[in-house]
$ cat model_1.cif   # mmCIF, C-alpha atoms
data_start
#
loop_
_atom_site.group_PDB
_atom_site.id
_atom_site.type_symbol
_atom_site.label_atom_id
_atom_site.label_comp_id
_atom_site.auth_asym_id
_atom_site.auth_seq_id
_atom_site.Cartn_x
_atom_site.Cartn_y
_atom_site.Cartn_z
ATOM 1 C CA MET A 1 16.238 -7.519 -8.135
ATOM 2 C CA ARG A 2 13.673 -10.269 -7.560
ATOM 3 C CA ILE A 3 12.210 -10.527 -4.090
ATOM 4 C CA LEU A 4 9.686 -12.885 -2.511
ATOM 5 C CA ALA A 5 7.912 -10.812 0.161
ATOM 6 C CA LEU A 6 5.981 -12.632 2.906
ATOM 7 C CA ASP A 7 3.655 -11.121 5.494
ATOM 8 C CA SER A 8 1.626 -12.778 8.250
ATOM 9 C CA ALA A 9 2.204 -10.313 11.094
ATOM 10 C CA VAL A 10 -1.246 -8.706 11.129
ATOM 11 C CA SER A 11 -4.727 -9.471 9.801
ATOM 12 C CA ARG A 12 -3.696 -9.891 6.167
ATOM 13 C CA CYS A 13 -1.627 -12.807 4.973
ATOM 14 C CA SER A 14 0.258 -12.212 1.720
ATOM 15 C CA ALA A 15 2.968 -13.578 -0.534
ATOM 16 C CA THR A 16 4.238 -11.356 -3.345
ATOM 17 C CA ILE A 17 6.950 -11.609 -5.967
ATOM 18 C CA VAL A 18 8.408 -8.201 -6.766
ATOM 19 C CA ALA A 19 10.963 -7.500 -9.506
ATOM 20 C CA ASP A 20 12.686 -4.106 -9.636
ATOM 21 C CA GLY A 21 9.952 -2.528 -7.531
ATOM 22 C CA GLU A 22 7.024 -3.915 -9.539
ATOM 23 C CA VAL A 23 4.666 -6.718 -8.549
ATOM 24 C CA VAL A 24 5.051 -9.808 -10.725
ATOM 25 C CA PHE A 25 2.554 -12.002 -8.912
ATOM 26 C CA GLY A 26 0.834 -11.947 -5.556
ATOM 27 C CA ARG A 27 -1.694 -13.625 -3.300
ATOM 28 C CA GLN A 28 -3.360 -12.160 -0.228
ATOM 29 C CA GLN A 29 -6.143 -13.028 2.200
ATOM 30 C CA ASP A 30 -7.594 -11.309 5.249
ATOM 31 C CA LEU A 31 -7.986 -13.706 8.158
ATOM 32 C CA GLU A 32 -7.893 -13.854 11.945
ATOM 33 C CA ARG A 33 -5.922 -17.083 12.451
ATOM 34 C CA GLY A 34 -4.205 -19.901 10.598
ATOM 35 C CA HIS A 35 -1.668 -17.605 8.937
ATOM 36 C CA ALA A 36 1.178 -20.127 8.833
ATOM 37 C CA SER A 37 -0.577 -22.797 6.776
ATOM 38 C CA VAL A 38 -2.178 -20.271 4.411
ATOM 39 C CA LEU A 39 1.076 -18.377 3.813
ATOM 40 C CA ALA A 40 2.964 -21.496 2.791
ATOM 41 C CA VAL A 41 0.347 -22.283 0.122
ATOM 42 C CA MET A 42 0.395 -18.673 -1.097
ATOM 43 C CA ALA A 43 4.167 -18.693 -1.472
ATOM 44 C CA ARG A 44 4.035 -21.988 -3.369
ATOM 45 C CA ASP A 45 1.301 -20.691 -5.696
ATOM 46 C CA CYS A 46 3.148 -17.430 -6.381
ATOM 47 C CA LEU A 47 6.274 -19.280 -7.457
ATOM 48 C CA ARG A 48 4.394 -21.921 -9.434
ATOM 49 C CA GLU A 49 2.070 -19.547 -11.289
ATOM 50 C CA SER A 50 4.800 -17.031 -12.068
ATOM 51 C CA GLY A 51 6.999 -19.767 -13.496
ATOM 52 C CA LEU A 52 9.779 -18.909 -11.055
ATOM 53 C CA ARG A 53 11.650 -20.869 -8.401
ATOM 54 C CA ALA A 54 12.796 -19.774 -4.987
ATOM 55 C CA ALA A 55 16.343 -19.987 -6.337
ATOM 56 C CA ASP A 56 15.391 -17.341 -8.933
ATOM 57 C CA MET A 57 14.862 -14.812 -6.134
ATOM 58 C CA ASP A 58 17.673 -12.531 -5.012
ATOM 59 C CA LEU A 59 16.354 -12.401 -1.468
ATOM 60 C CA ILE A 60 13.413 -13.301 0.748
ATOM 61 C CA ALA A 61 11.701 -10.494 2.691
ATOM 62 C CA VAL A 62 9.424 -11.016 5.689
ATOM 63 C CA THR A 63 7.589 -8.824 8.186
ATOM 64 C CA VAL A 64 8.944 -9.327 11.697
ATOM 65 C CA GLY A 65 6.272 -7.398 13.643
ATOM 66 C CA PRO A 66 4.803 -5.878 15.587
ATOM 67 C CA GLY A 67 1.656 -7.978 15.420
ATOM 68 C CA SER A 68 0.381 -11.472 16.066
ATOM 69 C CA PHE A 69 2.765 -13.671 18.049
ATOM 70 C CA THR A 70 1.987 -16.841 16.099
ATOM 71 C CA GLY A 71 1.667 -15.031 12.760
ATOM 72 C CA ILE A 72 5.092 -13.439 13.108
ATOM 73 C CA ARG A 73 6.713 -16.690 14.140
ATOM 74 C CA GLY A 74 5.106 -18.645 11.294
ATOM 75 C CA GLY A 75 6.034 -16.096 8.646
ATOM 76 C CA ILE A 76 9.655 -15.878 9.724
ATOM 77 C CA ALA A 77 10.002 -19.658 9.959
ATOM 78 C CA LEU A 78 8.693 -20.028 6.402
ATOM 79 C CA ALA A 79 10.946 -17.250 5.091
ATOM 80 C CA GLN A 80 14.005 -18.758 6.744
ATOM 81 C CA GLY A 81 13.150 -22.221 5.447
ATOM 82 C CA ILE A 82 12.801 -20.988 1.866
ATOM 83 C CA ALA A 83 15.980 -18.944 2.174
ATOM 84 C CA VAL A 84 18.003 -21.896 3.438
ATOM 85 C CA ALA A 85 16.673 -24.241 0.757
ATOM 86 C CA ALA A 86 17.311 -21.704 -2.033
ATOM 87 C CA HIS A 87 20.613 -20.425 -0.592
ATOM 88 C CA ARG A 88 19.317 -16.878 -0.539
ATOM 89 C CA PRO A 89 19.464 -14.168 2.150
ATOM 90 C CA VAL A 90 16.410 -13.345 4.243
ATOM 91 C CA VAL A 91 15.719 -9.752 5.343
ATOM 92 C CA GLY A 92 13.376 -8.515 8.074
ATOM 93 C CA VAL A 93 11.012 -5.547 7.641
ATOM 94 C CA THR A 94 8.749 -4.024 10.299
ATOM 95 C CA VAL A 95 5.070 -3.417 9.629
ATOM 96 C CA GLY A 96 5.599 0.294 10.256
ATOM 97 C CA GLU A 97 8.428 0.508 7.735
ATOM 98 C CA ALA A 98 6.272 -1.068 5.022
ATOM 99 C CA LEU A 99 3.352 1.253 5.789
ATOM 100 C CA ALA A 100 5.612 4.319 5.830
ATOM 101 C CA ASP A 101 6.990 3.382 2.409
ATOM 102 C CA ALA A 102 3.410 3.499 1.095
ATOM 103 C CA LEU A 103 3.084 7.110 2.301
ATOM 104 C CA PRO A 104 5.642 9.247 0.461
ATOM 105 C CA HIS A 105 3.456 12.369 0.507
ATOM 106 C CA VAL A 106 2.815 13.228 4.143
ATOM 107 C CA GLY A 107 4.569 16.571 4.189
ATOM 108 C CA GLY A 108 7.674 15.384 5.979
ATOM 109 C CA ARG A 109 5.698 14.101 8.963
ATOM 110 C CA ARG A 110 6.955 11.206 11.015
ATOM 111 C CA VAL A 111 4.763 8.138 10.449
ATOM 112 C CA TRP A 112 3.338 6.349 13.469
ATOM 113 C CA CYS A 113 2.041 2.826 12.917
ATOM 114 C CA ALA A 114 -0.757 1.789 15.308
ATOM 115 C CA ILE A 115 -1.861 -1.859 15.337
ATOM 116 C CA PRO A 116 -4.679 -3.299 17.458
ATOM 117 C CA SER A 117 -3.424 -5.631 20.151
ATOM 118 C CA ARG A 118 -5.727 -7.087 22.805
ATOM 119 C CA ARG A 119 -7.828 -5.882 25.711
ATOM 120 C CA GLY A 120 -7.834 -2.219 24.721
ATOM 121 C CA ARG A 121 -4.124 -2.107 23.949
ATOM 122 C CA ILE A 122 -2.200 -1.271 20.785
ATOM 123 C CA PHE A 123 1.242 -1.781 19.327
ATOM 124 C CA LEU A 124 2.693 1.611 18.458
ATOM 125 C CA GLU A 125 5.691 1.865 16.140
ATOM 126 C CA THR A 126 7.011 5.419 16.112
ATOM 127 C CA GLY A 127 10.143 4.965 14.021
ATOM 128 C CA ASP A 128 12.384 5.181 17.068
ATOM 129 C CA SER A 129 10.713 2.510 19.172
ATOM 130 C CA VAL A 130 7.944 -0.064 19.328
ATOM 131 C CA LEU A 131 5.612 0.074 22.313
ATOM 132 C CA SER A 132 2.723 -1.933 23.687
ATOM 133 C CA LEU A 133 0.394 0.340 25.631
ATOM 134 C CA PRO A 134 -3.252 1.063 26.454
ATOM 135 C CA ILE A 135 -5.013 3.160 23.810
ATOM 136 C CA GLY A 136 -5.635 5.801 26.460
ATOM 137 C CA GLU A 137 -1.936 6.272 27.249
ATOM 138 C CA LEU A 138 -0.616 7.555 23.932
ATOM 139 C CA PRO A 139 2.650 9.520 24.206
ATOM 140 C CA ASP A 140 2.978 13.115 23.013
ATOM 141 C CA PRO A 141 4.751 13.057 19.637
ATOM 142 C CA GLY A 142 6.084 16.595 20.035
ATOM 143 C CA GLU A 143 5.891 17.135 16.265
ATOM 144 C CA PRO A 144 3.415 16.796 13.383
ATOM 145 C CA ILE A 145 2.783 13.128 12.610
ATOM 146 C CA ALA A 146 0.864 10.902 10.215
ATOM 147 C CA VAL A 147 -0.813 7.761 11.563
ATOM 148 C CA ALA A 148 -1.183 4.439 9.721
ATOM 149 C CA GLY A 149 -2.242 0.927 10.700
ATOM 150 C CA GLY A 150 -5.404 -0.816 11.815
ATOM 151 C CA ALA A 151 -5.808 1.287 14.961
ATOM 152 C CA ALA A 152 -4.996 4.567 13.170
ATOM 153 C CA PRO A 153 -8.519 6.116 13.219
ATOM 154 C CA GLU A 154 -8.881 5.880 16.993
ATOM 155 C CA VAL A 155 -5.297 6.933 17.663
ATOM 156 C CA ALA A 156 -5.584 9.942 15.340
ATOM 157 C CA ALA A 157 -8.889 10.987 16.945
ATOM 158 C CA ARG A 158 -7.459 10.798 20.453
ATOM 159 C CA LEU A 159 -4.352 12.768 19.513
ATOM 160 C CA ALA A 160 -6.364 15.412 17.640
ATOM 161 C CA ALA A 161 -8.552 15.862 20.723
ATOM 162 C CA ARG A 162 -5.377 16.706 22.644
ATOM 163 C CA GLY A 163 -4.407 19.344 20.074
ATOM 164 C CA VAL A 164 -1.724 17.290 18.315
ATOM 165 C CA ASN A 165 -1.042 18.113 14.657
ATOM 166 C CA VAL A 166 -1.979 14.688 13.271
ATOM 167 C CA MET A 167 -2.845 13.391 9.791
ATOM 168 C CA LEU A 168 -4.938 10.248 9.435
ATOM 169 C CA THR A 169 -3.738 8.212 6.453
ATOM 170 C CA ASP A 170 -5.571 5.449 4.608
ATOM 171 C CA ALA A 171 -2.690 2.951 4.976
ATOM 172 C CA ARG A 172 -3.976 0.099 7.142
ATOM 173 C CA LEU A 173 -2.122 -3.089 6.133
ATOM 174 C CA PRO A 174 1.346 -3.621 4.639
ATOM 175 C CA ALA A 175 1.538 -4.494 0.945
ATOM 176 C CA GLY A 176 4.046 -6.876 -0.581
ATOM 177 C CA ARG A 177 5.586 -4.291 -2.899
ATOM 178 C CA HIS A 178 6.444 -1.980 -0.033
ATOM 179 C CA ILE A 179 7.803 -4.834 2.074
ATOM 180 C CA ALA A 180 10.073 -5.730 -0.834
ATOM 181 C CA VAL A 181 11.207 -2.139 -1.429
ATOM 182 C CA VAL A 182 12.207 -1.686 2.217
ATOM 183 C CA ALA A 183 13.937 -5.082 2.219
ATOM 184 C CA GLU A 184 15.985 -4.123 -0.832
ATOM 185 C CA ARG A 185 17.108 -0.915 0.864
ATOM 186 C CA ARG A 186 18.129 -2.928 3.916
ATOM 187 C CA PHE A 187 19.943 -5.484 1.758
ATOM 188 C CA ARG A 188 21.849 -2.659 0.045
ATOM 189 C CA GLU A 189 22.642 -1.187 3.493
ATOM 190 C CA THR A 190 21.022 2.177 2.814
ATOM 191 C CA ILE A 191 18.945 1.834 6.021
ATOM 192 C CA ARG A 192 19.766 0.383 9.420
ATOM 193 C CA PRO A 193 20.163 -3.391 9.671
ATOM 194 C CA LEU A 194 17.403 -5.506 11.193
ATOM 195 C CA PRO A 195 17.672 -9.260 11.738
ATOM 196 C CA ALA A 196 14.908 -11.497 10.432
ATOM 197 C CA GLU A 197 13.864 -12.357 13.960
ATOM 198 C CA PRO A 198 10.503 -11.894 15.724
ATOM 199 C CA LEU A 199 9.889 -8.364 16.981
ATOM 200 C CA TYR A 200 7.857 -9.331 20.029
ATOM 201 C CA VAL A 201 6.591 -6.461 22.166
ATOM 202 C CA ASP A 202 4.387 -8.367 24.604
ATOM 203 C CA ALA A 203 5.235 -11.615 26.311
ATOM 204 C CA PRO A 204 3.341 -14.586 24.800
ATOM 205 C CA GLU A 205 0.020 -15.396 26.431
ATOM 206 C CA ALA A 206 0.721 -19.123 26.467
ATOM 207 C CA LYS A 207 2.931 -20.198 29.336
ATOM 208 C CA LEU A 208 4.496 -23.490 30.283
ATOM 209 C CA PRO A 209 2.847 -25.129 33.287
ATOM 210 C CA ALA A 210 4.641 -24.702 36.560
ATOM 211 C CA ARG A 211 6.918 -27.576 37.439
ATOM 212 C CA ARG A 212 5.643 -29.778 40.196
ATOM 213 C CA VAL A 213 8.128 -30.564 42.909
ATOM 214 C CA ILE A 214 7.562 -33.932 44.549
ATOM 215 C CA ALA A 215 9.162 -34.379 47.924
ATOM 216 C CA ASN A 216 11.401 -37.358 48.344
ATOM 217 C CA ARG A 217 9.790 -39.408 51.087
ATOM 218 C CA ALA A 218 12.545 -41.687 52.201
#

$ encode --input "model_1.cif" --output "structure tokens"
Amino acid sequence: MRILALDSAVSRCSATIVADGEVVFGRQQDLERGHASVLAVMARDCLRESGLRAADMDLIAVTVGPGSFTGIRGGIALAQGIAVAAHRPVVGVTVGEALADALPHVGGRRVWCAIPSRRGRIFLETGDSVLSLPIGELPDPGEPIAVAGGAAPEVAARLAARGVNVMLTDARLPAGRHIAVVAERRFRETIRPLPAEPLYVDAPEAKLPARRVIANRA
């Protein structure tokens, strides 16, 4: 199965073509902003330099969050646009699912994915739920866990200080191959369905201006 995997949810932007679990071609770049425009060029280059077309893919995979509000939205919009043009399905994958797929040898531990948010907060994907919370208000896992993601070192240190059985992994950012592998499982219905829609945890910071009401002075 050929899959075009797109990711712009966190601090790495990537486009990867994966065939039967192996990377055919990929582009990636670490950046703080401008994900949408960079990702579109990466996807174009991957297809062009691999000699493949979007119509040659069996499906399009895209990370849906948690992560950057604008990055998530841009990545999903691009994935949906390619999918519509190529008449191919698009499948959503969470950042935590992709990171967990990269960690097959954690001794049966549940994988927590911790991503930096803003103002001392993190996004925490536990497998059962996705939370936005202050770094100092971590829940008790109640079982041995492994921690991945950009905020993993601090989260693991805080949990270890509380006596939690925690393993710090070296998985920080999702890779295209693992996004594709999870997407294929979802496409084949071996894991729970997930729509290719933004997984927003926090409300967007940008707000529409309040409407001004002008009194009718007759």

$ resolve_selection --input "model_1.cif" --expression "the PyMOL selection byres ((chain A and resi 188-191) around 12)" --output "list in words"
Met1, Asp58, Leu59, Pro89, Val91, Gly92, Val93, Glu97, Val181, Val182, Ala183, Glu184, Arg185, Arg186, Phe187, Arg192, Pro193 and Leu194 of chain A

$ write_last_selection --input "model_1.cif" --atoms "C-alpha atoms" --output "PDB file, in the frame of the given file"
ATOM      1  CA  MET A   1      16.238  -7.519  -8.135  1.00  0.00           C
ATOM      2  CA  ASP A  58      17.673 -12.531  -5.012  1.00  0.00           C
ATOM      3  CA  LEU A  59      16.354 -12.401  -1.468  1.00  0.00           C
ATOM      4  CA  PRO A  89      19.464 -14.168   2.150  1.00  0.00           C
ATOM      5  CA  VAL A  91      15.719  -9.752   5.343  1.00  0.00           C
ATOM      6  CA  GLY A  92      13.376  -8.515   8.074  1.00  0.00           C
ATOM      7  CA  VAL A  93      11.012  -5.547   7.641  1.00  0.00           C
ATOM      8  CA  GLU A  97       8.428   0.508   7.735  1.00  0.00           C
ATOM      9  CA  VAL A 181      11.207  -2.139  -1.429  1.00  0.00           C
ATOM     10  CA  VAL A 182      12.207  -1.686   2.217  1.00  0.00           C
ATOM     11  CA  ALA A 183      13.937  -5.082   2.219  1.00  0.00           C
ATOM     12  CA  GLU A 184      15.985  -4.123  -0.832  1.00  0.00           C
ATOM     13  CA  ARG A 185      17.108  -0.915   0.864  1.00  0.00           C
ATOM     14  CA  ARG A 186      18.129  -2.928   3.916  1.00  0.00           C
ATOM     15  CA  PHE A 187      19.943  -5.484   1.758  1.00  0.00           C
ATOM     16  CA  ARG A 192      19.766   0.383   9.420  1.00  0.00           C
ATOM     17  CA  PRO A 193      20.163  -3.391   9.671  1.00  0.00           C
ATOM     18  CA  LEU A 194      17.403  -5.506  11.193  1.00  0.00           C
TER      19      LEU A 194
END

$ atom_distance --input "model_1.cif" --atom1 "atom CA of Thr70 of chain A" --atom2 "atom CA of Asp56 of chain A"
28.4 Å

$ closest_residue --input "model_1.cif" --among "A:Pro174, A:Gly74, A:Gly107, A:Pro195" --to "Asp30 of chain A" --atoms "all atoms listed in the file"
A:Pro174

$ residues_around --input "model_1.cif" --residues "Ala114 of chain A" --least-positions-apart "2" --cutoff "9 Å" --atoms "all atoms listed in the file" --output "list in words"
Gly96, Trp112, Pro116, Ile122, Phe123, Leu124, Glu125, Thr126, Val147, Ala148, Gly149, Gly150, Ala151, Ala152, Val155 and Arg172 of chain A

$ write_last_selection --input "model_1.cif" --atoms "C-alpha atoms" --output "PDB file, in the frame of the given file"
ATOM      1  CA  GLY A  96       5.599   0.294  10.256  1.00  0.00           C
ATOM      2  CA  TRP A 112       3.338   6.349  13.469  1.00  0.00           C
ATOM      3  CA  PRO A 116      -4.679  -3.299  17.458  1.00  0.00           C
ATOM      4  CA  ILE A 122      -2.200  -1.271  20.785  1.00  0.00           C
ATOM      5  CA  PHE A 123       1.242  -1.781  19.327  1.00  0.00           C
ATOM      6  CA  LEU A 124       2.693   1.611  18.458  1.00  0.00           C
ATOM      7  CA  GLU A 125       5.691   1.865  16.140  1.00  0.00           C
ATOM      8  CA  THR A 126       7.011   5.419  16.112  1.00  0.00           C
ATOM      9  CA  VAL A 147      -0.813   7.761  11.563  1.00  0.00           C
ATOM     10  CA  ALA A 148      -1.183   4.439   9.721  1.00  0.00           C
ATOM     11  CA  GLY A 149      -2.242   0.927  10.700  1.00  0.00           C
ATOM     12  CA  GLY A 150      -5.404  -0.816  11.815  1.00  0.00           C
ATOM     13  CA  ALA A 151      -5.808   1.287  14.961  1.00  0.00           C
ATOM     14  CA  ALA A 152      -4.996   4.567  13.170  1.00  0.00           C
ATOM     15  CA  VAL A 155      -5.297   6.933  17.663  1.00  0.00           C
ATOM     16  CA  ARG A 172      -3.976   0.099   7.142  1.00  0.00           C
TER      17      ARG A 172
END

$ residues_around --input "model_1.cif" --residues "Ala79 of chain A" --least-positions-apart "6" --cutoff "8 Å" --atoms "all atoms listed in the file" --output "number ranges by chain"
A: 6, 60-62, 90

$ residues_around --input "model_1.cif" --residues "Leu159 of chain A" --least-positions-apart "3" --cutoff "10 Å" --atoms "all atoms listed in the file" --output "PyMOL selection string"
chain A and resi 136+138-141+145+154-156+162-167

$ residues_around --input "model_1.cif" --residues "segment 36-39 of chain A" --least-positions-apart "3" --cutoff "7 Å" --atoms "only C-alpha atoms" --output "short mmCIF file (atom, residue, chain, number, x, y, z; two decimals) with C-alpha atoms, keeping the file's coordinate frame"
data_model
loop_
_atom_site.label_atom_id
_atom_site.label_comp_id
_atom_site.auth_asym_id
_atom_site.auth_seq_id
_atom_site.Cartn_x
_atom_site.Cartn_y
_atom_site.Cartn_z
CA CYS A 13 -1.63 -12.81 4.97
CA SER A 14 0.26 -12.21 1.72
CA ALA A 15 2.97 -13.58 -0.53
CA MET A 42 0.40 -18.67 -1.10
CA ALA A 43 4.17 -18.69 -1.47
CA GLY A 71 1.67 -15.03 12.76
CA GLY A 74 5.11 -18.64 11.29
CA GLY A 75 6.03 -16.10 8.65
#

$ closest_residue --input "model_1.cif" --among "A:Ser129, A:Pro153, A:Arg110, A:Arg2" --to "Arg53 of chain A" --atoms "all atoms listed in the file"
A:Arg2

$ closest_residue --input "model_1.cif" --among "A:Ala5, A:Ala175, A:Val201, A:Ala77" --to "Ser117 of chain A" --atoms "only C-alpha atoms"
A:Val201

$ resolve_selection --input "model_1.cif" --expression "the PyMOL selection byres ((chain A and resi 24-26) around 8)" --output "list in words"
Ser14, Ala15, Thr16, Ile17, Val18, Ala19, Glu22, Val23, Arg27, Gln28, Cys46, Glu49, Ser50 and Gly176 of chain A

$ write_last_selection --input "model_1.cif" --atoms "C-alpha atoms" --output "mmCIF file, in the frame of the given file"
data_model
loop_
_atom_site.group_PDB
_atom_site.id
_atom_site.type_symbol
_atom_site.label_atom_id
_atom_site.label_comp_id
_atom_site.auth_asym_id
_atom_site.auth_seq_id
_atom_site.Cartn_x
_atom_site.Cartn_y
_atom_site.Cartn_z
ATOM 1 C CA SER A 14 0.258 -12.212 1.720
ATOM 2 C CA ALA A 15 2.968 -13.578 -0.534
ATOM 3 C CA THR A 16 4.238 -11.356 -3.345
ATOM 4 C CA ILE A 17 6.950 -11.609 -5.967
ATOM 5 C CA VAL A 18 8.408 -8.201 -6.766
ATOM 6 C CA ALA A 19 10.963 -7.500 -9.506
ATOM 7 C CA GLU A 22 7.024 -3.915 -9.539
ATOM 8 C CA VAL A 23 4.666 -6.718 -8.549
ATOM 9 C CA ARG A 27 -1.694 -13.625 -3.300
ATOM 10 C CA GLN A 28 -3.360 -12.160 -0.228
ATOM 11 C CA CYS A 46 3.148 -17.430 -6.381
ATOM 12 C CA GLU A 49 2.070 -19.547 -11.289
ATOM 13 C CA SER A 50 4.800 -17.031 -12.068
ATOM 14 C CA GLY A 176 4.046 -6.876 -0.581
#

$ closest_residue --input "model_1.cif" --among "A:Leu99, A:Val106, A:Leu131, A:Met57" --to "Ile3 of chain A" --atoms "only C-alpha atoms"
A:Met57

$ resolve_selection --input "model_1.cif" --expression "the PyMOL selection byres ((chain A and resi 199) around 10)" --output "PyMOL selection string"
chain A and resi 9+63-67+69+72-73+92-94+130+194-198+200-202

$ closest_residue --input "model_1.cif" --among "A:Pro134, A:Asp128, A:Leu103, A:Arg158" --to "Asp170 of chain A" --atoms "all atoms listed in the file"
A:Leu103

$ atom_distance --input "model_1.cif" --atom1 "atom CA of Arg119 of chain A" --atom2 "atom CA of Glu137 of chain A"
13.6 Å

$ atom_distance --input "model_1.cif" --atom1 "atom CA of Ser68 of chain A" --atom2 "atom CA of Ser11 of chain A"
8.3 Å

$ closest_residue --input "model_1.cif" --among "A:Ser8, A:Asp45, A:Val95, A:Leu31" --to "Ile76 of chain A" --atoms "only C-alpha atoms"
A:Ser8

$ build_atoms --input "model_1.cif" --residues "segment 7-14 of chain A" --atoms "all heavy atoms" --output "mmCIF file, in the coordinates of the input"
data_model
loop_
_atom_site.group_PDB
_atom_site.id
_atom_site.type_symbol
_atom_site.label_atom_id
_atom_site.label_comp_id
_atom_site.auth_asym_id
_atom_site.auth_seq_id
_atom_site.Cartn_x
_atom_site.Cartn_y
_atom_site.Cartn_z
ATOM 1 N N ASP A 7 4.207 -11.872 4.361
ATOM 2 C CA ASP A 7 3.655 -11.121 5.494
ATOM 3 C C ASP A 7 2.548 -11.917 6.161
ATOM 4 O O ASP A 7 1.582 -12.317 5.504
ATOM 5 C CB ASP A 7 3.092 -9.777 5.028
ATOM 6 C CG ASP A 7 2.349 -9.048 6.142
ATOM 7 O OD1 ASP A 7 2.841 -9.069 7.295
ATOM 8 O OD2 ASP A 7 1.281 -8.469 5.875
ATOM 9 N N SER A 8 2.696 -12.158 7.459
ATOM 10 C CA SER A 8 1.626 -12.778 8.250
ATOM 11 C C SER A 8 1.620 -12.186 9.656
ATOM 12 O O SER A 8 1.196 -12.836 10.598
ATOM 13 C CB SER A 8 1.807 -14.306 8.306
ATOM 14 O OG SER A 8 3.069 -14.667 8.839
ATOM 15 N N ALA A 9 2.084 -10.938 9.773
ATOM 16 C CA ALA A 9 2.204 -10.313 11.094
ATOM 17 C C ALA A 9 0.879 -9.761 11.604
ATOM 18 O O ALA A 9 0.665 -9.699 12.817
ATOM 19 C CB ALA A 9 3.245 -9.188 11.048
ATOM 20 N N VAL A 10 0.007 -9.325 10.695
ATOM 21 C CA VAL A 10 -1.246 -8.706 11.129
ATOM 22 C C VAL A 10 -2.425 -9.455 10.505
ATOM 23 O O VAL A 10 -2.350 -10.660 10.304
ATOM 24 C CB VAL A 10 -1.254 -7.195 10.805
ATOM 25 C CG1 VAL A 10 -0.338 -6.439 11.767
ATOM 26 C CG2 VAL A 10 -0.807 -6.917 9.378
ATOM 27 N N SER A 11 -3.505 -8.781 10.210
ATOM 28 C CA SER A 11 -4.727 -9.471 9.801
ATOM 29 C C SER A 11 -4.802 -9.800 8.313
ATOM 30 O O SER A 11 -5.799 -10.327 7.852
ATOM 31 C CB SER A 11 -5.958 -8.640 10.179
ATOM 32 O OG SER A 11 -5.925 -7.380 9.544
ATOM 33 N N ARG A 12 -3.756 -9.492 7.575
ATOM 34 C CA ARG A 12 -3.696 -9.891 6.167
ATOM 35 C C ARG A 12 -2.475 -10.776 5.962
ATOM 36 O O ARG A 12 -1.386 -10.446 6.405
ATOM 37 C CB ARG A 12 -3.609 -8.683 5.246
ATOM 38 C CG ARG A 12 -3.412 -9.071 3.766
ATOM 39 C CD ARG A 12 -3.375 -7.855 2.859
ATOM 40 N NE ARG A 12 -4.670 -7.197 2.852
ATOM 41 C CZ ARG A 12 -4.866 -5.948 2.417
ATOM 42 N NH1 ARG A 12 -3.847 -5.243 1.982
ATOM 43 N NH2 ARG A 12 -6.078 -5.433 2.433
ATOM 44 N N CYS A 13 -2.699 -11.883 5.296
ATOM 45 C CA CYS A 13 -1.627 -12.807 4.973
ATOM 46 C C CYS A 13 -1.316 -12.640 3.485
ATOM 47 O O CYS A 13 -2.232 -12.671 2.657
ATOM 48 C CB CYS A 13 -2.116 -14.226 5.274
ATOM 49 S SG CYS A 13 -0.841 -15.466 5.311
ATOM 50 N N SER A 14 -0.045 -12.441 3.128
ATOM 51 C CA SER A 14 0.258 -12.212 1.720
ATOM 52 C C SER A 14 1.626 -12.760 1.333
ATOM 53 O O SER A 14 2.556 -12.806 2.147
ATOM 54 C CB SER A 14 0.198 -10.714 1.383
ATOM 55 O OG SER A 14 1.261 -10.021 2.006
#
